[in-house]
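Since the structure comes first, as structure tokens, the remarks are kept for the end.
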Amino acid sequence: MTDLWSDLLRCLQLRPVGDDGSLAVFEGSNQQLEYHRVFGGQILGQFVTAARATCPDKTVKSLHTLFPKEGRADEPLRIEAARRHEGRTFATLAITATQSSGVVAAASVSMHAAEDGPDRQDIGAEVPPLLGAEHRADIGLIPWEIRTLGGLDDEAAGPPDYEMWMRTPEVDPELGPALVAYATDLTLIGTALRPLEGLSQRGAQTAYTSAVTSHTVWFHRPLRTDNWLLLRQHSPLLAHGRAFGRGDVLTEDGTLVASYAQESLVRLRK
């Protein structure tokens, strides 16, 4: 657990390579995982970090990422952040992650300087009470505390909904958006599969082939990941070899701080 956490923090420490005013270039390390591929959540976190480093006077408002090609963990990522527009309030970046094989991820990032204005929200169902420590769970690549009622490895059919509480070790609040982006990439495919009897997230690459093709995160308010956050998600559609899911990130008192959506490839093996 500690090693995976330290490894992730290392990957979020991008190395500046150059910046000519229109293009900022970084090099990023990869997590050392058993399957030797680059986890998409790692790239999402690195893109948030690159955006913040490129426009330090603004925060990431939205991150829209495509994953055209699988990345290899044994080769560093070259991350380029091109400034498409940078004004006093908003900025738009085009960020790519490349290896010798070509582009492995590309994103459009919108950034915004904090402003005052009306403040309202409607989150539907109220946030339930925080689960007790007896509901701690191990969720694959997430190297911090998770609490949930039932996991995504159960092959019994159920509704395409999933909730989990998460809290990281104490960490610099500046890393919060990158860590949330990382966490949102892991469980939406498993959520989409829940209504299918005999299938679960555990069957990835054996019972079915899956890969995230696009992922979007919107950040609404400041957040801290070393306070409890609830990830509440739902998958309305699984069709034509693709799954779609979306979710919200809420604080313990019910404040909506981020939202996310994902489309992925899901092909059942016969």
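Residue numbering restarts at 1 for every chain of the structure tokens, chains are lettered A, B, ... in their displayed order, and ligands are numbered from 1 as they appear.
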| What residues in range 26-215 of chain A get the DSSP label strand (DSSP E)? Please answer as a ChimeraX atom specification. | /A:26-28,59-66,77-86,90-99,102-112,136-137,145-147,161-167,208-215
Contact table range 3-101 of chain A vs range 253-262 of chain A, cut-off 12 Å, shortest pair per residue, only C-alpha atoms, as JSON lines:
```
{"residue": "A:Gly40", "atom": "CA", "partner": "A:Gln262", "partner_atom": "CA", "distance": 11.5}
{"residue": "A:Gly41", "atom": "CA", "partner": "A:Gln262", "partner_atom": "CA", "distance": 11.7}
{"residue": "A:Leu44", "atom": "CA", "partner": "A:Tyr260", "partner_atom": "CA", "distance": 11.8}
{"residue": "A:Val60", "atom": "CA", "partner": "A:Ala258", "partner_atom": "CA", "distance": 11.0}
{"residue": "A:Lys61", "atom": "CA", "partner": "A:Ala258", "partner_atom": "CA", "distance": 9.4}
{"residue": "A:Ser62", "atom": "CA", "partner": "A:Tyr260", "partner_atom": "CA", "distance": 9.4}
{"residue": "A:Leu63", "atom": "CA", "partner": "A:Tyr260", "partner_atom": "CA", "distance": 9.3}
{"residue": "A:His64", "atom": "CA", "partner": "A:Ala261", "partner_atom": "CA", "distance": 9.4}
{"residue": "A:Thr65", "atom": "CA", "partner": "A:Gln262", "partner_atom": "CA", "distance": 9.5}
{"residue": "A:Leu66", "atom": "CA", "partner": "A:Gln262", "partner_atom": "CA", "distance": 10.0}
{"residue": "A:Phe67", "atom": "CA", "partner": "A:Gln262", "partner_atom": "CA", "distance": 11.2}
```
| message | Residues within 10 Å of range 149-152 of chain A, please, as an MDAnalysis selection string. Count only C-alpha atoms; anything in the same chain fewer than 2 positions from it doesn't count. | response | chainID A and resid 131 134:139 147 154:156 162:165 187:194 199:202
| request: Write out as a PyMOL selection string each polymer residue whose atoms come within 8 Å of range 263-268 of chain A, counting only C-alpha atoms; drop sequence neighbours fewer than 2 positions from it. | output: chain A and resi 189+207-215+241-245+261+270
| said: as a PyMOL selection string, please: the residues near Ala113 in chain A (cut-off 9 Å, only C-alpha atoms, same-chain neighbours under 3 positions excluded). | reply: chain A and resi 57-60+88-91
| Among the residues A:Val217, A:Pro159, A:Ala94, A:Ala133, the one that comes closest to Ser235 in chain A [using only C-alpha atoms] |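 Using only C-alpha atoms, the shortest distance to Ser235 in chain A belongs to A:Pro159.
Between Ile79 in chain A and the residues A:Pro56, A:Gly176, A:Gly18, A:Gly132, the shortest atom-to-atom distance, using only C-alpha atoms, involves A:Gly18.
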| query | What is the distance, in Å and to one decimal place, between CA of Tyr35 in chain A and CA of Ser6 in chain A? | reply |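 Interatomic distance, CA of Tyr35 in chain A to CA of Ser6 in chain A: 18.6 Å.
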| request: Please provide as a ChimeraX atom specification all residues within 10 Å of Asp226 in chain A, with the sequence filter that same-chain residues fewer than 2 positions apart are discarded (counting only C-alpha atoms). | output: /A:144-145,166-173,176,223-224,228-229
| query | How far is it from CA of Phe47 in chain A to CA of Pro118 in chain A, in Å with one decimal? | reply |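 Distance between the two atoms: 29.3 Å.
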| message | Could you go through range 62-251 of chain A and tell me which residues DSSP, when run on the backbone, assigns to helix (DSSP H, G or I), listing them as a list in words? | response |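 The helix (DSSP H, G or I) residues within range 62-251 of chain A come out as Ala133, Glu134, His135, Pro173, Glu174, Leu175, Gly176, Pro177, Ala178, Leu179, Val180, Ala181, Tyr182, Ala183, Thr184, Leu188, Ile189, Gly190, Thr191, Ala192, Leu193, Gln201, Arg202 and Gly203 of chain A.
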